[in-house]
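Visitor: This is structure23.csv (CSV, C-alpha atoms).
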chain,number,residue,atom,x,y,z
Y,1,MET,CA,116.3,93.3,95.1
Y,2,ASN,CA,119.7,92.2,96.3
Y,3,LYS,CA,122.0,92.8,93.3
Y,4,GLU,CA,124.4,90.2,94.6
Y,5,HIS,CA,122.3,87.9,92.5
Y,6,PRO,CA,120.7,88.7,89.1
Y,7,ALA,CA,117.0,89.6,89.5
Y,8,ILE,CA,115.2,87.0,87.3
Y,9,VAL,CA,111.5,87.4,87.0
Y,10,PHE,CA,109.2,84.7,85.7
Y,11,PHE,CA,105.6,84.9,84.5
Y,12,SER,CA,103.7,81.8,85.4
Y,13,GLY,CA,101.2,79.8,87.4
Y,14,GLY,CA,100.4,76.2,88.0
Y,15,THR,CA,103.0,73.6,89.0
Y,16,ALA,CA,105.1,73.2,85.9
Y,17,LEU,CA,107.7,75.7,87.2
Y,18,ASN,CA,107.9,74.4,90.7
Y,19,GLY,CA,110.9,72.2,90.1
Y,20,LEU,CA,112.9,75.0,88.5
Y,21,ALA,CA,111.8,77.4,91.3
Y,22,ALA,CA,113.1,75.0,93.9
Y,23,GLU,CA,116.4,74.5,92.0
Y,24,LEU,CA,117.0,78.3,91.5
Y,25,ALA,CA,116.2,78.9,95.2
Y,26,LYS,CA,119.4,77.1,96.1
Y,27,VAL,CA,121.6,79.5,94.1
Y,28,ASN,CA,119.5,82.7,93.7
Y,29,PRO,CA,116.9,83.3,96.5
Y,30,GLU,CA,116.0,86.6,94.9
Y,31,CYS,CA,114.2,85.2,91.8
Y,32,ALA,CA,110.7,86.5,91.5
Y,33,TYR,CA,107.5,85.0,90.2
Y,34,ILE,CA,104.5,86.9,88.9
Y,35,ILE,CA,101.6,84.5,89.2
Y,36,THR,CA,98.2,84.4,87.5
Y,37,THR,CA,95.1,84.5,89.7
Y,38,PHE,CA,92.4,83.5,87.1
Y,39,ASP,CA,91.9,79.8,87.9
Y,40,SER,CA,88.2,78.9,87.8
Y,41,GLY,CA,88.4,75.2,88.8
Y,42,GLY,CA,89.1,73.0,91.9
Y,43,SER,CA,88.9,74.4,95.4
Y,44,SER,CA,89.8,77.9,94.1
Y,45,ALA,CA,86.4,78.0,92.3
Y,46,ALA,CA,84.6,77.3,95.6
Y,47,LEU,CA,86.6,80.1,97.4
Y,48,ARG,CA,86.0,82.5,94.5
Y,49,GLU,CA,82.3,81.9,94.6
Y,50,VAL,CA,82.0,82.5,98.4
Y,51,PHE,CA,84.4,85.5,98.7
Y,52,ASP,CA,84.3,87.0,95.1
Y,53,MET,CA,88.1,87.0,95.1
Y,54,PRO,CA,91.1,86.2,92.8
Y,55,ALA,CA,92.2,82.5,92.7
Y,56,VAL,CA,95.0,81.8,95.1
Y,57,GLY,CA,95.9,78.1,94.3
Y,58,ASP,CA,98.8,78.9,91.9
Y,59,VAL,CA,100.1,81.5,94.4
Y,60,ARG,CA,100.1,78.9,97.2
Y,61,ASN,CA,101.8,76.4,94.9
Y,62,ARG,CA,104.7,78.7,94.1
Y,63,ILE,CA,105.2,79.9,97.6
Y,64,LEU,CA,105.4,76.3,99.0
Y,65,ALA,CA,107.8,75.3,96.2
Y,66,LEU,CA,110.2,78.0,97.5
Y,67,ALA,CA,110.0,76.9,101.2
Y,68,ASP,CA,113.0,76.3,103.4
Y,69,THR,CA,112.1,72.7,104.3
Y,70,ASP,CA,115.5,72.1,106.0
Y,71,SER,CA,113.8,73.7,109.1
Y,72,PRO,CA,111.6,71.0,110.8
Y,73,GLU,CA,108.9,73.5,111.8
Y,74,LYS,CA,108.8,75.1,108.3
Y,75,ALA,CA,108.6,71.6,106.8
Y,76,ASN,CA,105.6,70.9,109.1
Y,77,ILE,CA,103.9,74.1,108.0
Y,78,VAL,CA,104.4,73.2,104.4
Y,79,ALA,CA,102.9,69.8,105.0
Y,80,MET,CA,99.9,71.3,106.6
Y,81,LEU,CA,99.4,73.9,103.9
Y,82,ASN,CA,99.8,71.2,101.2
Y,83,THR,CA,97.0,69.1,102.8
Y,84,ARG,CA,93.5,68.8,101.2
Y,85,LEU,CA,90.4,67.8,103.2
Y,86,PRO,CA,89.0,64.4,102.1
Y,87,ARG,CA,87.2,64.3,98.8
Y,88,TYR,CA,84.6,61.9,100.1
Y,89,ALA,CA,83.5,62.8,103.6
Y,90,ASP,CA,80.6,64.1,105.6
Y,91,ARG,CA,80.2,67.9,105.6
Y,92,THR,CA,79.9,68.0,109.4
Y,93,ALA,CA,83.1,65.9,109.8
Y,94,LEU,CA,85.0,68.2,107.4
Y,95,TYR,CA,83.9,71.3,109.3
Y,96,GLY,CA,85.0,69.5,112.5
Y,97,GLN,CA,88.5,69.3,111.1
Y,98,LEU,CA,88.4,73.0,110.3
Y,99,SER,CA,87.3,73.7,113.9
Y,100,HIS,CA,90.2,71.6,115.2
Y,101,LEU,CA,92.5,73.7,113.0
Y,102,ALA,CA,90.9,76.9,114.3
Y,103,ASN,CA,91.5,76.0,118.0
Y,104,GLY,CA,95.0,74.7,117.3
Y,105,SER,CA,94.3,71.1,118.4
Y,106,HIS,CA,94.6,69.4,115.0
Y,107,PRO,CA,97.4,66.9,114.7
Y,108,LEU,CA,98.6,68.7,111.6
Y,109,MET,CA,99.7,71.5,113.9
Y,110,ASP,CA,102.0,69.3,116.0
Y,111,GLY,CA,105.5,70.7,116.0
Y,112,PHE,CA,104.3,74.3,115.5
Y,113,SER,CA,105.6,77.0,117.8
Y,114,GLU,CA,103.0,78.8,119.8
Y,115,VAL,CA,103.4,81.9,117.7
Y,116,VAL,CA,102.9,80.0,114.4
Y,117,ARG,CA,100.0,78.0,115.9
Y,118,LYS,CA,98.3,81.2,116.9
Y,119,ILE,CA,98.7,82.9,113.5
Y,120,ILE,CA,97.4,79.8,111.6
Y,121,SER,CA,94.6,79.0,113.9
Y,122,GLU,CA,93.3,82.6,113.8
Y,123,ARG,CA,93.2,82.3,110.0
Y,124,PHE,CA,91.0,79.2,110.2
Y,125,ALA,CA,88.8,80.7,112.8
Y,126,LEU,CA,88.2,83.8,110.7
Y,127,PHE,CA,87.5,81.6,107.7
Y,128,ILE,CA,84.8,79.6,109.5
Y,129,GLU,CA,83.2,82.9,110.7
Y,130,LEU,CA,83.2,84.5,107.3
Y,131,ALA,CA,82.3,81.5,105.2
Y,132,GLY,CA,79.5,80.1,107.4
Y,133,ASP,CA,77.5,77.4,105.7
Y,134,SER,CA,78.2,78.8,102.2
Y,135,PHE,CA,81.5,77.0,101.6
Y,136,ASP,CA,81.8,73.4,100.5
Y,137,PRO,CA,84.9,72.0,102.2
Y,138,VAL,CA,85.1,68.8,100.1
Y,139,ASN,CA,88.7,68.4,98.8
Y,140,ALA,CA,89.5,72.0,100.0
Y,141,SER,CA,93.2,73.0,100.1
Y,142,LEU,CA,94.2,74.2,103.6
Y,143,GLY,CA,96.8,76.5,102.1
Y,144,ASN,CA,94.1,78.2,99.9
Y,145,ILE,CA,91.9,78.6,102.9
Y,146,VAL,CA,94.7,80.3,104.9
Y,147,LEU,CA,95.4,82.7,102.0
Y,148,ALA,CA,91.6,83.4,101.5
Y,149,ALA,CA,91.2,84.3,105.2
Y,150,GLY,CA,94.3,86.5,105.0
Y,151,PHE,CA,92.8,88.2,101.9
Y,152,MET,CA,89.6,89.0,103.9
Y,153,ALA,CA,91.5,90.0,107.0
Y,154,HIS,CA,93.5,92.6,105.0
Y,155,GLN,CA,90.5,94.4,103.4
Y,156,ARG,CA,90.5,92.2,100.4
Y,157,VAL,CA,94.2,92.8,99.5
Y,158,LEU,CA,96.3,89.7,98.6
Y,159,ALA,CA,99.8,91.0,99.0
Y,160,PRO,CA,99.9,91.0,102.9
Y,161,PRO,CA,98.9,87.3,103.3
Y,162,ILE,CA,101.3,86.3,100.5
Y,163,ALA,CA,104.1,88.1,102.4
Y,164,GLN,CA,103.1,86.6,105.7
Y,165,LEU,CA,102.9,83.1,104.4
Y,166,SER,CA,106.3,83.6,102.6
Y,167,ARG,CA,107.9,84.6,106.0
Y,168,LEU,CA,106.3,81.7,107.9
Y,169,ILE,CA,107.9,79.1,105.6
Y,170,GLY,CA,111.1,81.0,104.8
Y,171,ALA,CA,110.4,81.2,101.0
Y,172,ARG,CA,113.6,81.7,99.1
Y,173,GLY,CA,112.2,83.9,96.4
Y,174,VAL,CA,109.6,86.6,95.8
Y,175,VAL,CA,106.0,85.8,94.8
Y,176,ARG,CA,103.5,88.4,93.6
Y,177,ALA,CA,100.0,88.2,92.1
Y,178,SER,CA,99.9,89.6,88.6
Y,179,THR,CA,96.8,91.7,89.4
Y,180,VAL,CA,94.7,92.9,92.4
Y,181,ASP,CA,91.5,92.6,90.3
Y,182,ASN,CA,89.1,89.7,90.1
Y,183,GLY,CA,88.7,88.3,86.6
Y,184,HIS,CA,88.4,85.2,84.6
Y,185,LEU,CA,89.9,83.9,81.3
Y,186,ALA,CA,88.0,83.4,78.1
Y,187,VAL,CA,89.3,81.9,74.8
Y,188,ARG,CA,88.0,81.7,71.2
Y,189,LEU,CA,88.6,78.5,69.3
Y,190,MET,CA,89.3,78.3,65.6
Y,191,ASN,CA,85.9,76.7,65.1
Y,192,GLY,CA,84.3,79.9,66.5
Y,193,GLU,CA,83.4,78.6,69.9
Y,194,ILE,CA,84.0,80.8,72.9
Y,195,LEU,CA,84.8,79.3,76.3
Y,196,ALA,CA,84.6,81.5,79.5
Y,197,GLY,CA,86.4,80.0,82.5
Y,198,GLN,CA,89.9,78.6,82.6
Y,199,HIS,CA,88.7,75.2,83.7
Y,200,LEU,CA,87.0,74.7,80.4
Y,201,PHE,CA,90.1,74.8,78.2
Y,202,THR,CA,93.0,73.5,80.2
Y,203,GLY,CA,92.1,69.8,79.6
Y,204,LYS,CA,92.4,69.0,83.3
Y,205,GLU,CA,88.8,69.2,84.5
Y,206,SER,CA,87.1,69.1,81.1
Y,207,ASP,CA,87.9,67.3,77.9
Y,208,PRO,CA,90.7,68.9,75.8
Y,209,VAL,CA,89.4,71.7,73.4
Y,210,ALA,CA,87.9,70.4,70.2
Y,211,SER,CA,89.7,73.1,68.1
Y,212,PRO,CA,92.9,75.0,68.5
Y,213,ILE,CA,92.8,78.2,70.6
Y,214,ASP,CA,92.7,81.3,68.5
Y,215,GLY,CA,92.9,84.0,71.1
Y,216,MET,CA,92.5,84.7,74.8
Y,217,TRP,CA,91.3,87.7,76.9
Y,218,ILE,CA,90.2,88.5,80.5
Y,219,CYS,CA,86.4,88.6,81.2
Y,220,SER,CA,84.2,89.3,84.2
Y,221,GLY,CA,83.0,85.8,84.9
Y,222,ILE,CA,82.3,82.3,83.6
Y,223,ASP,CA,78.8,83.4,82.6
Y,224,ASP,CA,80.0,86.7,81.0
Y,225,PRO,CA,82.7,86.3,78.3
Y,226,TRP,CA,82.7,90.0,77.4
Y,227,PRO,CA,86.3,91.4,77.6
Y,228,ARG,CA,87.1,93.6,80.6
Y,229,SER,CA,90.3,95.3,81.7
Y,230,VAL,CA,92.1,94.3,84.9
Y,231,HIS,CA,95.1,96.2,86.1
Y,232,GLY,CA,98.6,94.8,86.8
Y,233,SER,CA,99.5,95.1,90.4
Y,234,SER,CA,102.0,97.8,91.3
Y,235,LEU,CA,104.1,95.2,93.1
Y,236,ALA,CA,104.3,93.1,89.9
Y,237,ILE,CA,105.2,96.2,87.8
Y,238,ASN,CA,108.0,97.1,90.3
Y,239,LEU,CA,109.4,93.6,89.9
Y,240,ILE,CA,109.4,94.0,86.1
Y,241,ASN,CA,111.1,97.5,86.3
Y,242,ASP,CA,113.9,96.1,88.5
Y,243,ALA,CA,114.5,92.9,86.6
Y,244,ASP,CA,117.9,91.9,85.2
Y,245,MET,CA,116.1,89.3,83.0
Y,246,LEU,CA,112.4,88.5,82.2
Y,247,VAL,CA,111.4,84.9,81.5
Y,248,TYR,CA,108.3,83.5,79.8
Y,249,PRO,CA,108.8,79.9,81.0
Y,250,MET,CA,107.4,76.4,80.2
Y,251,GLY,CA,103.9,75.7,81.7
Y,252,SER,CA,100.3,75.8,80.4
Y,253,PHE,CA,100.8,78.3,77.6
Y,254,TYR,CA,97.5,80.2,77.8
Y,255,SER,CA,96.3,79.7,81.3
Y,256,SER,CA,99.7,80.1,83.0
Y,257,THR,CA,102.3,82.0,81.0
Y,258,LEU,CA,100.0,84.3,78.9
Y,259,ALA,CA,97.5,84.7,81.7
Y,260,ALA,CA,100.2,86.1,84.0
Y,261,LEU,CA,101.1,88.6,81.2
Y,262,SER,CA,97.6,89.8,80.4
Y,263,PRO,CA,96.8,92.4,83.1
Y,264,GLN,CA,97.0,96.0,81.9
Y,265,GLY,CA,100.3,97.8,82.4
Y,266,LEU,CA,102.6,94.7,82.3
Y,267,GLY,CA,103.3,94.8,78.6
Y,268,GLN,CA,104.4,98.4,78.7
Y,269,ALA,CA,106.6,97.8,81.8
Y,270,ILE,CA,108.2,94.9,79.9
Y,271,CYS,CA,108.9,97.1,77.0
Y,272,ARG,CA,110.5,99.8,79.1
Y,273,ASN,CA,113.0,97.5,80.7
Y,274,PRO,CA,115.9,96.9,78.2
Y,275,CYS,CA,117.0,93.7,80.0
Y,276,PRO,CA,117.0,90.3,78.2
Y,277,LYS,CA,113.7,88.6,77.7
Y,278,VAL,CA,113.7,84.8,77.2
Y,279,PHE,CA,111.0,82.4,76.0
Y,280,ILE,CA,111.2,78.7,77.0
Y,281,PRO,CA,108.7,76.7,74.9
Y,282,ASN,CA,106.9,73.7,76.4
Y,283,MET,CA,108.0,70.1,75.9
Y,284,GLY,CA,105.6,67.2,76.2
Y,285,PHE,CA,101.9,67.6,75.7
Y,286,ASP,CA,99.9,70.8,76.5
Y,287,PRO,CA,96.2,70.6,75.6
Y,288,GLU,CA,96.3,74.4,75.2
Y,289,LEU,CA,98.9,74.1,72.4
Y,290,ILE,CA,97.0,71.9,69.9
Y,291,GLY,CA,98.0,73.3,66.5
Y,292,HIS,CA,100.7,75.6,67.8
Y,293,ASP,CA,104.3,75.5,66.7
Y,294,ILE,CA,106.8,77.7,68.4
Y,295,ASN,CA,106.5,80.4,65.8
Y,296,LEU,CA,102.8,80.7,66.4
Y,297,GLN,CA,103.4,80.7,70.2
Y,298,VAL,CA,105.7,83.7,69.7
Y,299,GLU,CA,102.9,85.4,67.7
Y,300,ARG,CA,100.4,84.8,70.5
Y,301,LEU,CA,102.8,86.0,73.1
Y,302,LEU,CA,103.1,89.3,71.2
Y,303,GLU,CA,99.4,89.5,70.7
Y,304,VAL,CA,98.7,89.3,74.4
Y,305,LEU,CA,101.4,91.9,75.2
Y,306,ARG,CA,100.0,94.2,72.5
Y,307,MET,CA,96.6,94.3,74.2
Y,308,ASP,CA,98.3,96.7,76.6
Y,309,SER,CA,99.5,99.1,73.9
Y,310,ALA,CA,99.5,97.9,70.3
Y,311,ALA,CA,101.4,101.0,69.0
Y,312,TYR,CA,104.2,100.7,71.7
Y,313,VAL,CA,104.8,97.0,72.0
Y,314,ASN,CA,106.9,95.3,69.3
Y,315,LEU,CA,108.7,92.0,69.2
Y,316,SER,CA,112.2,93.4,69.7
Y,317,LYS,CA,111.1,95.1,72.9
Y,318,VAL,CA,109.5,92.0,74.5
Y,319,LEU,CA,111.6,89.0,73.3
Y,320,ASN,CA,115.3,88.5,72.6
Y,321,PHE,CA,116.0,84.8,73.1
Y,322,ILE,CA,114.2,81.5,72.5
Y,323,LEU,CA,115.7,78.7,74.5
Y,324,ILE,CA,115.3,75.2,73.0
Y,325,ASP,CA,116.9,71.7,73.0
Y,326,SER,CA,116.5,70.6,69.4
Y,327,VAL,CA,118.4,67.3,69.9
Y,328,ASN,CA,116.8,65.9,73.1
Y,329,GLY,CA,113.6,67.9,73.3
Y,330,THR,CA,110.2,66.4,72.5
Y,331,TYR,CA,108.0,69.2,71.3
Y,332,GLN,CA,104.3,68.6,70.8
Y,333,GLN,CA,104.1,70.0,67.3
Y,334,GLU,CA,106.6,69.2,64.7
Y,335,GLN,CA,109.0,72.2,64.7
Y,336,ASP,CA,110.6,74.0,61.8
Y,337,PHE,CA,113.8,75.1,63.7
Y,338,ALA,CA,115.1,76.7,60.5
Y,339,ALA,CA,112.0,79.0,60.5
Y,340,LEU,CA,112.8,80.0,64.0
Y,341,GLU,CA,116.1,81.3,62.9
Y,342,LYS,CA,114.4,83.8,60.7
Y,343,LEU,CA,112.7,85.5,63.6
Y,344,PRO,CA,114.4,88.7,64.8
Y,345,VAL,CA,115.4,87.0,68.0
Y,346,LYS,CA,118.4,84.7,69.0
Y,347,VAL,CA,117.7,81.0,69.2
Y,348,ILE,CA,119.8,79.4,72.0
Y,349,ASP,CA,120.1,75.6,71.5
Y,350,ARG,CA,121.2,73.9,74.7
Y,351,ARG,CA,121.0,70.5,76.4
Y,352,LEU,CA,117.9,70.9,78.6
Y,353,VAL,CA,116.7,67.3,78.8
Y,354,SER,CA,118.5,64.7,80.9
Y,355,ASP,CA,118.3,60.9,80.9
Y,356,LYS,CA,116.2,61.2,84.1
Y,357,SER,CA,113.8,63.9,83.1
Y,358,GLU,CA,111.6,61.7,80.9
Y,359,ALA,CA,111.8,63.9,77.7
Y,360,LEU,CA,110.9,67.1,79.7
Y,361,ILE,CA,113.1,70.0,80.7
Y,362,ASP,CA,115.4,69.1,83.6
Y,363,PRO,CA,115.5,72.0,86.1
Y,364,ARG,CA,119.1,71.1,87.0
Y,365,LEU,CA,120.1,71.7,83.4
Y,366,LEU,CA,117.9,74.8,82.9
Y,367,ALA,CA,118.8,76.7,86.0
Y,368,PRO,CA,122.5,77.3,85.2
Y,369,VAL,CA,121.7,78.3,81.7
Y,370,LEU,CA,119.3,81.0,83.0
Y,371,MET,CA,121.8,82.2,85.6
Y,372,GLU,CA,124.4,82.5,82.9
Y,373,LEU,CA,122.1,84.5,80.6
Y,374,ALA,CA,121.0,86.8,83.4
Y,375,SER,CA,124.6,87.4,84.7
Y,376,THR,CA,125.9,88.3,81.3
Y,377,GLY,CA,122.9,90.2,80.0
Y,378,GLY,CA,122.6,87.6,77.3
Y,379,LYS,CA,126.0,88.4,75.9
Y,380,GLY,CA,127.8,85.3,77.1
Y,381,ASP,CA,125.5,82.6,75.8
Y,382,ALA,CA,126.8,79.7,73.7
Y,383,SER,CA,124.5,78.2,71.2
Rewrite the structure of this file - the entire thing - as structure tokens.

Guide:
Amino acid sequence: MNKEHPAIVFFSGGTALNGLAAELAKVNPECAYIITTFDSGGSSAALREVFDMPAVGDVRNRILALADTDSPEKANIVAMLNTRLPRYADRTALYGQLSHLANGSHPLMDGFSEVVRKIISERFALFIELAGDSFDPVNASLGNIVLAAGFMAHQRVLAPPIAQLSRLIGARGVVRASTVDNGHLAVRLMNGEILAGQHLFTGKESDPVASPIDGMWICSGIDDPWPRSVHGSSLAINLINDADMLVYPMGSFYSSTLAALSPQGLGQAICRNPCPKVFIPNMGFDPELIGHDINLQVERLLEVLRMDSAAYVNLSKVLNFILIDSVNGTYQQEQDFAALEKLPVKVIDRRLVSDKSEALIDPRLLAPVLMELASTGGKGDAS
């Protein structure tokens, strides 16, 4: 990474970090994002079923959030990749749209250069060839389809299509999948129930969980909750090794932040790097955090990292700072901030919520705080 800027690495997924990623892209285009690939809902589920592949929706989301949309062509590419096929339409008509994309005649490709048009249209053509009649195109994300086709074109490796898509839209940051393996998430609830499949416990496609989550692991499939190991990608581990600061940011706590940390090898890599590690607890409501105060969240963070090596991973090696806004922040669970001070970490209390951010973290306030922490190695913070 270009050391002109501090190398800040985030573990995440979903959309909660997109505003911060876009804000940081303006001042530090070398920020990096290690993204979870375990989503089992939406159009990602349909692609995973057809191609037996990792989920790419969160990866697509983050790449597009980093796009250089000052360029008209790049803005057009982003608009196309952000498009979903209609939710209610005839299957033949939907495949007709994919065919227009495959031959480059679709209106969404207006404004593309011939080179870009050729690259994108070839991806859609390959997708149609490989998916055949087995894929349901209803509400399908065009960006996910392009990444899935690239995955298949590169012998079932995700890094090349991520890099290609990043170049096409001028992504001002680095995006890596947390693992090259195909797995799913399973959780155990305090009432003893086990749910296999991320879509069952996020509260987005199913009802919120009936009991607090009491643990999470990676499993083989939504019909097989038995734990299995998946390996952290070497590219993700390299990012961790070279980081000047590691951040566990706001976002769906289990299905985004902890999921991105779960692959084997990441916990040990985090321990080996002596750089500052920062946790930014969620504000607002997260269905995955029912019954969790920040102290319990820290415990669960440590539990997930210890799955990699219980003897080697301890709190002082994986967490140094907790960043909160005790005055303006609206936290889901009533917080005992005095109890936080007893943890062997430093609590940094800053203004993170603005009048315009609707009781949530304002990326415009958070970005400079993170840049300061990374630039000073955590030594120049002011509580």

Visitor: Just the residues within 9 Å of Gly265 (chain Y), please, counting only C-alpha atoms, with nothing from its chain fewer than 5 positions along; format it as a list of chain:residue names.

Guide: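 Here the qualifying residues turn out to be Y:His231, Y:Gly232, Y:Ser233, Y:Ile237, Y:Ile270, Y:Asp308, Y:Ser309.
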
Visitor: Between Y:Pro72, Y:Pro29, Y:Gly173, Y:Pro249, which one has atoms that come closest to Phe321 (chain Y), using only C-alpha atoms?

Guide: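 Looking only at the distances to Phe321 (chain Y), the closest residue turns out to be Y:Pro249.
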
Visitor: Report the distance between CA of Arg123 (chain Y) and CA of Leu101 (chain Y) in Å, rounded to one decimal place.

Guide: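 Computed distance, CA of Arg123 (chain Y) to CA of Leu101 (chain Y), equals 9.1 Å.
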
Visitor: Do you know which residues are at most 12 Å from Ala159 (chain Y) counting all atoms listed in the file, after dropping those on the same chain fewer than 5 positions away, and could you put them as a short mmCIF file (atom, residue, chain, number, x, y, z; two decimals) with C-alpha atoms, keeping the file's coordinate frame?

Guide:
data_model
loop_
_atom_site.label_atom_id
_atom_site.label_comp_id
_atom_site.auth_asym_id
_atom_site.auth_seq_id
_atom_site.Cartn_x
_atom_site.Cartn_y
_atom_site.Cartn_z
CA ILE Y 34 104.50 86.90 88.90
CA ILE Y 35 101.60 84.50 89.20
CA PRO Y 54 91.10 86.20 92.80
CA VAL Y 56 95.00 81.80 95.10
CA VAL Y 59 100.10 81.50 94.40
CA LEU Y 147 95.40 82.70 102.00
CA ALA Y 148 91.60 83.40 101.50
CA GLY Y 150 94.30 86.50 105.00
CA PHE Y 151 92.80 88.20 101.90
CA MET Y 152 89.60 89.00 103.90
CA ALA Y 153 91.50 90.00 107.00
CA HIS Y 154 93.50 92.60 105.00
CA GLN Y 164 103.10 86.60 105.70
CA LEU Y 165 102.90 83.10 104.40
CA SER Y 166 106.30 83.60 102.60
CA VAL Y 174 109.60 86.60 95.80
CA VAL Y 175 106.00 85.80 94.80
CA ARG Y 176 103.50 88.40 93.60
CA ALA Y 177 100.00 88.20 92.10
CA SER Y 178 99.90 89.60 88.60
CA THR Y 179 96.80 91.70 89.40
CA VAL Y 180 94.70 92.90 92.40
CA SER Y 233 99.50 95.10 90.40
CA SER Y 234 102.00 97.80 91.30
CA LEU Y 235 104.10 95.20 93.10
CA ALA Y 236 104.30 93.10 89.90
#

Visitor: Out of Y:Leu158, Y:Ala22, Y:Ala338, Y:Ala186, which residue has the shortest atom-to-atom distance to Phe201 (chain Y) when counting all atoms listed in the file?

Guide: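 Distance minimum relative to Phe201 (chain Y) lands on Y:Ala186.
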
Visitor: For CA of Leu305 (chain Y) and CA of Gly13 (chain Y), determine how far apart the two atoms are, in Å to one decimal place.

Guide: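 Atom-to-atom, CA of Leu305 (chain Y) to CA of Gly13 (chain Y), that is 17.2 Å.
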
Visitor: Considering only C-alpha atoms, can you say which of Y:Ala125, Y:Leu370, Y:Ile218, Y:Val50 comes closest to Val247 (chain Y)?

Guide: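 The answer is Y:Leu370, which sits nearest to Val247 (chain Y).
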
Visitor: Let me make sure I understand: among Y:Ser262, Y:Ser113, Y:Thr92, Y:Ser44, which one has the smallest atom-to-atom distance to Leu142 (chain Y) if we use all atoms listed in the file?

Guide: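 Looking only at the distances to Leu142 (chain Y), the closest residue turns out to be Y:Ser44.
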